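With PDB, C-alpha atoms inside, this is upload15.pdb:
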ATOM      1  CA  GLU A   1     163.718-214.372-194.769
ATOM      2  CA  LYS A   2     165.202-216.125-197.752
ATOM      3  CA  ASP A   3     167.175-213.571-199.663
ATOM      4  CA  ILE A   4     170.151-215.764-200.563
ATOM      5  CA  SER A   5     170.499-215.825-204.334
ATOM      6  CA  ASP A   6     171.057-219.216-205.972
ATOM      7  CA  GLN A   7     174.432-219.561-207.610
ATOM      8  CA  ASN A   8     175.757-222.464-209.630
ATOM      9  CA  ASN A   9     179.370-221.360-209.259
ATOM     10  CA  GLU A  10     181.658-223.784-207.497
ATOM     11  CA  THR A  11     184.959-223.252-205.794
ATOM     12  CA  ILE A  12     187.737-225.309-204.352
ATOM     13  CA  LEU A  13     186.325-224.365-200.952
ATOM     14  CA  ILE A  14     183.182-226.455-201.556
ATOM     15  CA  ASP A  15     183.104-229.927-203.062
ATOM     16  CA  ASP A  16     180.913-233.017-203.096
ATOM     17  CA  GLU A  17     183.874-235.256-202.323
ATOM     18  CA  SER A  18     183.796-233.876-198.807
ATOM     19  CA  LYS A  19     181.062-236.434-198.092
ATOM     20  CA  VAL A  20     183.677-239.169-198.175
ATOM     21  CA  SER A  21     184.973-239.741-194.677
ATOM     22  CA  THR A  22     188.682-240.358-194.328
ATOM     23  CA  THR A  23     188.450-241.479-190.719
ATOM     24  CA  GLU A  24     185.857-243.644-189.010
ATOM     25  CA  TYR A  25     184.589-242.299-185.706
ATOM     26  CA  ASN A  26     183.201-244.120-182.701
ATOM     27  CA  TYR A  27     179.823-243.087-181.315
ATOM     28  CA  TYR A  28     180.446-244.739-177.964
ATOM     29  CA  ILE A  29     183.955-243.709-176.946
ATOM     30  CA  ASP A  30     184.465-239.972-176.521
ATOM     31  CA  GLU A  31     188.141-239.917-177.428
ATOM     32  CA  ILE A  32     190.260-236.899-178.306
ATOM     33  CA  VAL A  33     190.482-236.662-182.088
ATOM     34  CA  VAL A  34     192.456-233.445-182.561
ATOM     35  CA  SER A  35     194.474-231.288-180.202
ATOM     36  CA  ASN A  36     196.064-227.974-181.109
ATOM     37  CA  PRO A  37     196.957-224.763-179.215
ATOM     38  CA  ALA A  38     193.405-223.471-179.674
ATOM     39  CA  ALA A  39     191.220-226.452-178.800
ATOM     40  CA  ILE A  40     190.903-230.102-177.828
ATOM     41  CA  VAL A  41     188.301-231.719-180.070
ATOM     42  CA  LYS A  42     186.625-234.938-178.943
ATOM     43  CA  GLU A  43     184.363-237.312-180.859
ATOM     44  CA  SER A  44     181.279-235.765-179.262
ATOM     45  CA  SER A  45     182.169-232.346-180.688
ATOM     46  CA  LEU A  46     183.224-233.649-184.085
ATOM     47  CA  ARG A  47     179.970-235.604-184.394
ATOM     48  CA  LYS A  48     177.994-232.356-184.355
ATOM     49  CA  LEU A  49     179.177-231.569-187.895
ATOM     50  CA  PRO A  50     177.719-234.501-189.885
ATOM     51  CA  ASN A  51     174.754-234.736-187.490
ATOM     52  CA  GLY A  52     173.618-231.203-188.323
ATOM     53  CA  ASP A  53     173.878-230.007-184.724
ATOM     54  CA  TRP A  54     174.706-226.571-183.305
ATOM     55  CA  LEU A  55     178.509-226.272-183.168
ATOM     56  CA  ASP A  56     180.423-225.862-179.914
ATOM     57  CA  ASP A  57     183.440-223.748-178.936
ATOM     58  CA  GLU A  58     185.901-226.555-179.608
ATOM     59  CA  ILE A  59     184.954-226.901-183.271
ATOM     60  CA  ILE A  60     184.896-223.125-183.851
ATOM     61  CA  ASN A  61     188.240-222.523-182.119
ATOM     62  CA  CYS A  62     189.967-225.490-183.736
ATOM     63  CA  TYR A  63     188.900-224.642-187.278
ATOM     64  CA  ILE A  64     189.671-220.917-187.058
ATOM     65  CA  TYR A  65     193.114-221.825-185.698
ATOM     66  CA  GLN A  66     193.661-224.037-188.761
ATOM     67  CA  LEU A  67     192.568-221.179-191.016
ATOM     68  CA  GLU A  68     194.982-218.823-189.299
ATOM     69  CA  GLN A  69     197.855-221.268-189.776
ATOM     70  CA  LYS A  70     196.926-221.917-193.411
ATOM     71  CA  PHE A  71     196.329-218.405-194.737
ATOM     72  CA  LYS A  72     198.210-216.176-192.276
ATOM     73  CA  THR A  73     196.003-213.252-193.329
ATOM     74  CA  PHE A  74     194.402-212.482-189.960
ATOM     75  CA  ILE A  75     194.866-212.634-186.204
ATOM     76  CA  ARG A  76     192.548-214.981-184.339
ATOM     77  CA  PHE A  77     190.723-214.385-181.069
ATOM     78  CA  ASN A  78     189.040-217.364-179.418
ATOM     79  CA  THR A  79     185.332-217.772-178.748
ATOM     80  CA  PHE A  80     185.752-216.824-175.080
ATOM     81  CA  PHE A  81     187.282-213.394-175.685
ATOM     82  CA  HIS A  82     184.072-211.425-176.217
ATOM     83  CA  THR A  83     182.210-213.093-173.345
ATOM     84  CA  GLU A  84     185.135-212.644-170.952
ATOM     85  CA  LEU A  85     185.458-209.001-171.958
ATOM     86  CA  GLN A  86     181.782-208.541-171.087
ATOM     87  CA  THR A  87     181.896-210.438-167.786
ATOM     88  CA  LYS A  88     185.439-209.946-166.458
ATOM     89  CA  GLY A  89     186.216-206.530-167.888
ATOM     90  CA  LEU A  90     189.440-205.193-169.379
ATOM     91  CA  GLN A  91     191.422-204.955-166.150
ATOM     92  CA  ASN A  92     191.115-208.693-165.561
ATOM     93  CA  MET A  93     192.225-209.500-169.114
ATOM     94  CA  LYS A  94     195.231-207.219-169.497
ATOM     95  CA  LYS A  95     197.764-209.813-168.362
ATOM     96  CA  GLN A  96     196.536-212.282-170.993
ATOM     97  CA  TYR A  97     196.743-209.775-173.865
ATOM     98  CA  GLU A  98     199.562-207.534-172.653
ATOM     99  CA  LYS A  99     202.155-208.874-175.091
ATOM    100  CA  LYS A 100     199.816-209.635-177.993
ATOM    101  CA  ASN A 101     200.527-207.379-180.981
ATOM    102  CA  ILE A 102     197.078-207.205-182.521
ATOM    103  CA  PHE A 103     198.080-204.629-185.122
ATOM    104  CA  GLN A 104     200.669-206.791-186.901
ATOM    105  CA  ASN A 105     197.874-207.840-189.239
ATOM    106  CA  LYS A 106     195.133-205.643-190.734
ATOM    107  CA  LYS A 107     192.362-208.137-190.023
ATOM    108  CA  LEU A 108     191.242-209.651-186.706
ATOM    109  CA  LEU A 109     188.561-212.339-186.418
ATOM    110  CA  ILE A 110     186.458-212.550-183.263
ATOM    111  CA  PRO A 111     183.854-215.361-183.151
ATOM    112  CA  VAL A 112     181.011-214.505-180.770
ATOM    113  CA  ASN A 113     178.830-216.957-178.875
ATOM    114  CA  TYR A 114     175.636-215.043-178.084
ATOM    115  CA  LYS A 115     173.940-216.511-174.981
ATOM    116  CA  ASN A 116     174.848-220.055-176.082
ATOM    117  CA  CYS A 117     172.174-219.909-178.760
ATOM    118  CA  HIS A 118     173.709-218.093-181.725
ATOM    119  CA  TRP A 119     177.078-217.600-183.412
ATOM    120  CA  PHE A 120     178.195-214.551-185.356
ATOM    121  CA  LEU A 121     181.528-213.112-186.455
ATOM    122  CA  LEU A 122     183.208-209.774-185.783
ATOM    123  CA  VAL A 123     185.858-208.811-188.328
ATOM    124  CA  VAL A 124     188.069-205.994-187.102
ATOM    125  CA  ASN A 125     189.619-203.912-189.885
ATOM    126  CA  THR A 126     192.702-201.958-188.822
ATOM    127  CA  ASN A 127     193.679-200.651-192.276
ATOM    128  CA  ASN A 128     193.213-197.091-191.067
ATOM    129  CA  ILE A 129     194.818-197.468-187.642
ATOM    130  CA  GLY A 130     197.332-194.784-188.603
ATOM    131  CA  ASN A 131     194.414-192.330-188.555
ATOM    132  CA  SER A 132     193.113-193.699-185.239
ATOM    133  CA  GLU A 133     190.179-195.504-186.878
ATOM    134  CA  ILE A 134     188.984-199.094-186.497
ATOM    135  CA  ILE A 135     185.989-200.590-188.316
ATOM    136  CA  ILE A 136     184.291-203.726-187.011
ATOM    137  CA  ASN A 137     182.206-205.531-189.638
ATOM    138  CA  VAL A 138     179.459-207.719-188.185
ATOM    139  CA  TYR A 139     178.774-210.961-190.081
ATOM    140  CA  ASP A 140     175.523-212.420-188.757
ATOM    141  CA  SER A 141     173.891-215.194-190.772
ATOM    142  CA  ALA A 142     170.572-214.622-188.972
ATOM    143  CA  GLY A 143     170.363-211.287-190.760
ATOM    144  CA  LYS A 144     169.199-208.997-187.955
ATOM    145  CA  GLN A 145     169.432-205.415-189.123
ATOM    146  CA  ASN A 146     170.275-203.603-185.875
ATOM    147  CA  VAL A 147     173.794-204.399-184.657
ATOM    148  CA  GLN A 148     172.880-203.104-181.202
ATOM    149  CA  THR A 149     170.487-206.042-180.706
ATOM    150  CA  LYS A 150     173.265-208.594-181.101
ATOM    151  CA  GLY A 151     174.670-208.208-177.614
ATOM    152  CA  ILE A 152     177.952-206.757-178.860
ATOM    153  CA  ALA A 153     180.078-205.313-176.063
ATOM    154  CA  ALA A 154     180.831-202.189-178.104
ATOM    155  CA  LYS A 155     181.963-199.997-175.197
ATOM    156  CA  LYS A 156     184.220-202.684-173.767
ATOM    157  CA  LEU A 157     185.645-203.473-177.192
ATOM    158  CA  GLU A 158     186.397-199.775-177.543
ATOM    159  CA  LEU A 159     188.198-199.808-174.191
ATOM    160  CA  PHE A 160     190.185-202.865-175.237
ATOM    161  CA  PHE A 161     191.263-201.432-178.587
ATOM    162  CA  ASN A 162     192.088-198.053-177.063
ATOM    163  CA  TRP A 163     194.326-199.806-174.527
ATOM    164  CA  LYS A 164     196.123-201.729-177.280
ATOM    165  CA  TYR A 165     196.304-198.633-179.481
ATOM    166  CA  GLN A 166     197.958-196.651-176.697
ATOM    167  CA  GLN A 167     200.510-199.451-176.415
ATOM    168  CA  PHE A 168     200.966-199.399-180.181
ATOM    169  CA  CYS A 169     201.563-195.646-180.512
ATOM    170  CA  GLN A 170     203.139-195.255-177.045
ATOM    171  CA  ASP A 171     200.838-192.384-176.183
ATOM    172  CA  LYS A 172     198.596-192.804-173.153
ATOM    173  CA  THR A 173     196.273-190.024-174.317
ATOM    174  CA  SER A 174     195.635-191.349-177.843
ATOM    175  CA  LYS A 175     192.208-192.739-178.617
ATOM    176  CA  VAL A 176     190.839-194.719-181.504
ATOM    177  CA  LYS A 177     187.453-194.245-183.143
ATOM    178  CA  LEU A 178     185.554-197.529-183.392
ATOM    179  CA  THR A 179     182.705-198.011-185.907
ATOM    180  CA  LEU A 180     180.374-201.015-186.161
ATOM    181  CA  THR A 181     179.157-201.918-189.653
ATOM    182  CA  ASN A 182     176.392-204.456-190.213
ATOM    183  CA  MET A 183     177.101-206.677-193.252
ATOM    184  CA  THR A 184     173.519-207.971-193.495
ATOM    185  CA  GLY A 185     172.375-207.795-197.102
ATOM    186  CA  GLN A 186     175.884-208.459-198.414
ATOM    187  CA  ILE A 187     176.387-211.989-197.089
ATOM    188  CA  PRO A 188     174.810-215.460-197.401
ATOM    189  CA  ARG A 189     172.147-216.130-194.771
ATOM    190  CA  GLN A 190     171.035-219.218-192.903
ATOM    191  CA  GLU A 191     167.524-220.546-193.335
ATOM    192  CA  ASN A 192     167.313-222.650-190.178
ATOM    193  CA  GLY A 193     168.098-222.359-186.486
ATOM    194  CA  TYR A 194     171.298-224.393-186.191
ATOM    195  CA  ASP A 195     173.759-223.626-189.016
ATOM    196  CA  CYS A 196     174.981-220.267-187.645
ATOM    197  CA  GLY A 197     178.319-221.757-186.537
ATOM    198  CA  VAL A 198     178.940-223.270-189.974
ATOM    199  CA  PHE A 199     178.190-219.928-191.635
ATOM    200  CA  LEU A 200     180.606-218.245-189.206
ATOM    201  CA  LEU A 201     183.354-220.696-190.214
ATOM    202  CA  MET A 202     182.642-220.165-193.906
ATOM    203  CA  TYR A 203     182.713-216.374-193.539
ATOM    204  CA  SER A 204     186.079-216.821-191.818
ATOM    205  CA  LYS A 205     187.408-219.164-194.484
ATOM    206  CA  TYR A 206     186.441-217.048-197.466
ATOM    207  CA  LEU A 207     187.656-213.837-195.836
ATOM    208  CA  ALA A 208     190.968-215.492-194.936
ATOM    209  CA  ALA A 209     191.347-216.797-198.499
ATOM    210  CA  GLY A 210     190.357-213.452-200.029
ATOM    211  CA  LYS A 211     187.451-215.066-201.902
ATOM    212  CA  ALA A 212     183.955-213.761-202.608
ATOM    213  CA  PHE A 213     181.150-215.599-200.777
ATOM    214  CA  ILE A 214     179.478-218.085-203.124
ATOM    215  CA  PHE A 215     178.057-220.596-200.632
ATOM    216  CA  THR A 216     174.388-220.781-199.654
ATOM    217  CA  GLN A 217     172.188-222.672-197.209
ATOM    218  CA  ARG A 218     171.881-225.581-199.633
ATOM    219  CA  ASP A 219     175.654-226.161-199.422
ATOM    220  CA  MET A 220     175.647-226.656-195.654
ATOM    221  CA  PRO A 221     175.424-230.506-195.545
ATOM    222  CA  ASN A 222     178.475-230.854-197.809
ATOM    223  CA  ILE A 223     180.322-228.066-196.028
ATOM    224  CA  ARG A 224     179.751-229.751-192.664
ATOM    225  CA  TRP A 225     181.408-232.932-193.930
ATOM    226  CA  LYS A 226     184.257-230.964-195.478
ATOM    227  CA  ILE A 227     184.948-229.082-192.236
ATOM    228  CA  ARG A 228     184.882-232.349-190.321
ATOM    229  CA  ASN A 229     187.413-233.960-192.636
ATOM    230  CA  GLU A 230     189.658-230.892-192.647
ATOM    231  CA  ILE A 231     189.722-230.918-188.838
ATOM    232  CA  VAL A 232     190.466-234.641-188.662
ATOM    233  CA  ASN A 233     193.148-234.483-191.354
ATOM    234  CA  LYS A 234     194.570-231.230-189.910
ATOM    235  CA  GLU A 235     194.631-229.757-193.401
ATOM    236  CA  ILE A 236     192.523-227.037-195.001
TER     237      ILE A 236
END
Since I need it in another form, could you write the structure as structure tokens?
Amino acid sequence: EKDISDQNNETILIDDESKVSTTEYNYYIDEIVVSNPAAIVKESSLRKLPNGDWLDDEIINCYIYQLEQKFKTFIRFNTFFHTELQTKGLQNMKKQYEKKNIFQNKKLLIPVNYKNCHWFLLVVNTNNIGNSEIIINVYDSAGKQNVQTKGIAAKKLELFFNWKYQQFCQDKTSKVKLTLTNMTGQIPRQENGYDCGVFLLMYSKYLAAGKAFIFTQRDMPNIRWKIRNEIVNKEI
């Protein structure tokens, strides 16, 4: 399915100069390149970007952390949150998230690793939290129409957000209505089987910057180099 429209527009978020490496990297020594509160990125992970490989948790977590620090327009969850919510359940995660005020920002980004074979992004919109409503927009570059086939832990997410909402409004009986919205048809789509993580990072970047999506599959090689250099230089 190739429904991405060609656009000649360019933005500061994409540039050909990103091909120029600012730091040489060693293919034989797996040293730590970047360390921040969200991830420890080694050469082996960083190499996946220019090599065109499927991205790992370290790259996703590191880059979204940098976006959060740069734009300060969203609250970040790591790539393990959704999986742990599915496998451990809310009760085993309460201590970790007890003091986290997730409603101090109107946008939450949750990257999801689906069965270690596909990445997609959940964007939680809390604009209408005052009316007990939360909308979760699903950004999936593979373009599947039915959100229920994506392995989203909708019931457990609802439990999590109800728990945090009851903390927020200090009413143990209050409940929030959670709605999933599939963004397929409104977003750029991948045309291969390995760029899903890069699309996830670009959705995150453009949403954080408040920009309209203008990237396509053909931009992915340049974008991979740009992400690599931004991680190494610790600057978006």
Give as a PyMOL selection string the residues that the PyMOL selection byres ((chain A and resi 116) around 12) matches when applied to the coordinates above.
-> chain A and resi 54-57+79-80+83+112-115+117-120+151+194+196-197
Choose the residue, out of A:Lys99, A:Ile231, A:Gly130, A:Ile236, that has the smallest atom-to-atom separation from Glu58 (chain A); count only C-alpha atoms.
-> A:Ile231
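Between Lys234 (chain A) and the residues A:Ser141, A:Thr126, A:Gln66, A:Asn182, the shortest atom-to-atom distance, using all atoms listed in the file, involves A:Gln66.
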So which residues touch Phe168 (chain A) within 9 Å, counting only C-alpha atoms, skipping near sequence neighbours fewer than 4 positions away, as a VMD selection string?
-> chain A and resid 101 103 163 to 164
List the residues sitting within 10 Å of (174.5, -213.2, -189.6) in the file's frame, using all atoms listed in the file, as a PyMOL selection string.
-> chain A and resi 118-121+138-145+150+182-185+187-190+196-197+199-200+203
Could you write out that same residue set with C-alpha atoms as a PDB file, in the frame of the given file?
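Generated file (part33.pdb):
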ATOM      1  CA  HIS A 118     173.709-218.093-181.725  1.00  0.00           C
ATOM      2  CA  TRP A 119     177.078-217.600-183.412  1.00  0.00           C
ATOM      3  CA  PHE A 120     178.195-214.551-185.356  1.00  0.00           C
ATOM      4  CA  LEU A 121     181.528-213.112-186.455  1.00  0.00           C
ATOM      5  CA  VAL A 138     179.459-207.719-188.185  1.00  0.00           C
ATOM      6  CA  TYR A 139     178.774-210.961-190.081  1.00  0.00           C
ATOM      7  CA  ASP A 140     175.523-212.420-188.757  1.00  0.00           C
ATOM      8  CA  SER A 141     173.891-215.194-190.772  1.00  0.00           C
ATOM      9  CA  ALA A 142     170.572-214.622-188.972  1.00  0.00           C
ATOM     10  CA  GLY A 143     170.363-211.287-190.760  1.00  0.00           C
ATOM     11  CA  LYS A 144     169.199-208.997-187.955  1.00  0.00           C
ATOM     12  CA  GLN A 145     169.432-205.415-189.123  1.00  0.00           C
ATOM     13  CA  LYS A 150     173.265-208.594-181.101  1.00  0.00           C
ATOM     14  CA  ASN A 182     176.392-204.456-190.213  1.00  0.00           C
ATOM     15  CA  MET A 183     177.101-206.677-193.252  1.00  0.00           C
ATOM     16  CA  THR A 184     173.519-207.971-193.495  1.00  0.00           C
ATOM     17  CA  GLY A 185     172.375-207.795-197.102  1.00  0.00           C
ATOM     18  CA  ILE A 187     176.387-211.989-197.089  1.00  0.00           C
ATOM     19  CA  PRO A 188     174.810-215.460-197.401  1.00  0.00           C
ATOM     20  CA  ARG A 189     172.147-216.130-194.771  1.00  0.00           C
ATOM     21  CA  GLN A 190     171.035-219.218-192.903  1.00  0.00           C
ATOM     22  CA  CYS A 196     174.981-220.267-187.645  1.00  0.00           C
ATOM     23  CA  GLY A 197     178.319-221.757-186.537  1.00  0.00           C
ATOM     24  CA  PHE A 199     178.190-219.928-191.635  1.00  0.00           C
ATOM     25  CA  LEU A 200     180.606-218.245-189.206  1.00  0.00           C
ATOM     26  CA  TYR A 203     182.713-216.374-193.539  1.00  0.00           C
TER      27      TYR A 203
END
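Closest approach to Trp225 (chain A) among A:Leu178, A:Val124, A:Leu46, A:Cys62: A:Leu46, based on all atoms listed in the file.
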Pull the neighbourhood of (186.9, -202.3, -170.8) for me: all residues within 12 Å in file coordinates, counting all atoms listed in the file, as number ranges by chain.
-> A: 82, 84-94, 153-164
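Straight-line separation from CA of Thr216 (chain A) to CA of Glu191 (chain A): 9.3 Å.
Applied to the file shown here, the PyMOL selection byres ((chain A and resi 220) around 10) selects Ile14, Leu49, Pro50, Gly52, Gln190, Asp195, Val198, Phe199, Met202, Phe215, Thr216, Gln217, Arg218, Asp219, Pro221, Asn222, Ile223, Arg224, Trp225 and Lys226 of chain A.
Here the question is which of A:Gln69, A:Ser204, A:Asn51, A:Ser45 gets nearest to Glu235 (chain A) using only C-alpha atoms, and that residue is A:Gln69.
Taken over the whole file, the PyMOL selection byres ((chain A and resi 36) around 10) covers exactly Val34, Ser35, Pro37, Ala38, Ala39, Ile40, Val41, Asn61, Cys62, Tyr65, Gln66 and Lys234 of chain A.
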Create the file for the chosen residues now, containing C-alpha atoms and written as a PDB file, in the coordinates of the input.
ATOM      1  CA  VAL A  34     192.456-233.445-182.561  1.00  0.00           C
ATOM      2  CA  SER A  35     194.474-231.288-180.202  1.00  0.00           C
ATOM      3  CA  PRO A  37     196.957-224.763-179.215  1.00  0.00           C
ATOM      4  CA  ALA A  38     193.405-223.471-179.674  1.00  0.00           C
ATOM      5  CA  ALA A  39     191.220-226.452-178.800  1.00  0.00           C
ATOM      6  CA  ILE A  40     190.903-230.102-177.828  1.00  0.00           C
ATOM      7  CA  VAL A  41     188.301-231.719-180.070  1.00  0.00           C
ATOM      8  CA  ASN A  61     188.240-222.523-182.119  1.00  0.00           C
ATOM      9  CA  CYS A  62     189.967-225.490-183.736  1.00  0.00           C
ATOM     10  CA  TYR A  65     193.114-221.825-185.698  1.00  0.00           C
ATOM     11  CA  GLN A  66     193.661-224.037-188.761  1.00  0.00           C
ATOM     12  CA  LYS A 234     194.570-231.230-189.910  1.00  0.00           C
TER      13      LYS A 234
END
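Using all atoms listed in the file for every distance, the candidate list A:Ile227, A:Lys205, A:Gly193, A:Phe81 yields A:Gly193 as the residue closest to Asp53 (chain A).
When CA of Ile60 (chain A) is paired with CA of Phe77 (chain A), their separation reads 10.9 Å.
Closest approach to Lys70 (chain A) among A:Glu230, A:Gln170, A:Leu108, A:Leu180: A:Glu230, based on all atoms listed in the file.
Going from CA of Phe71 (chain A) over to CA of Glu43 (chain A), you cover 26.3 Å.
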Is it possible to get the axis-aligned box enclosing region 80-98 of chain A (all listed atoms, 6 Å extra per side) as lines of an AutoDock Vina configuration file, with centre and edge lengths in Å rounded to one decimal?
center_x = 190.7
center_y = -210.9
center_z = -170.9
size_x = 29.8
size_y = 23.9
size_z = 22.7
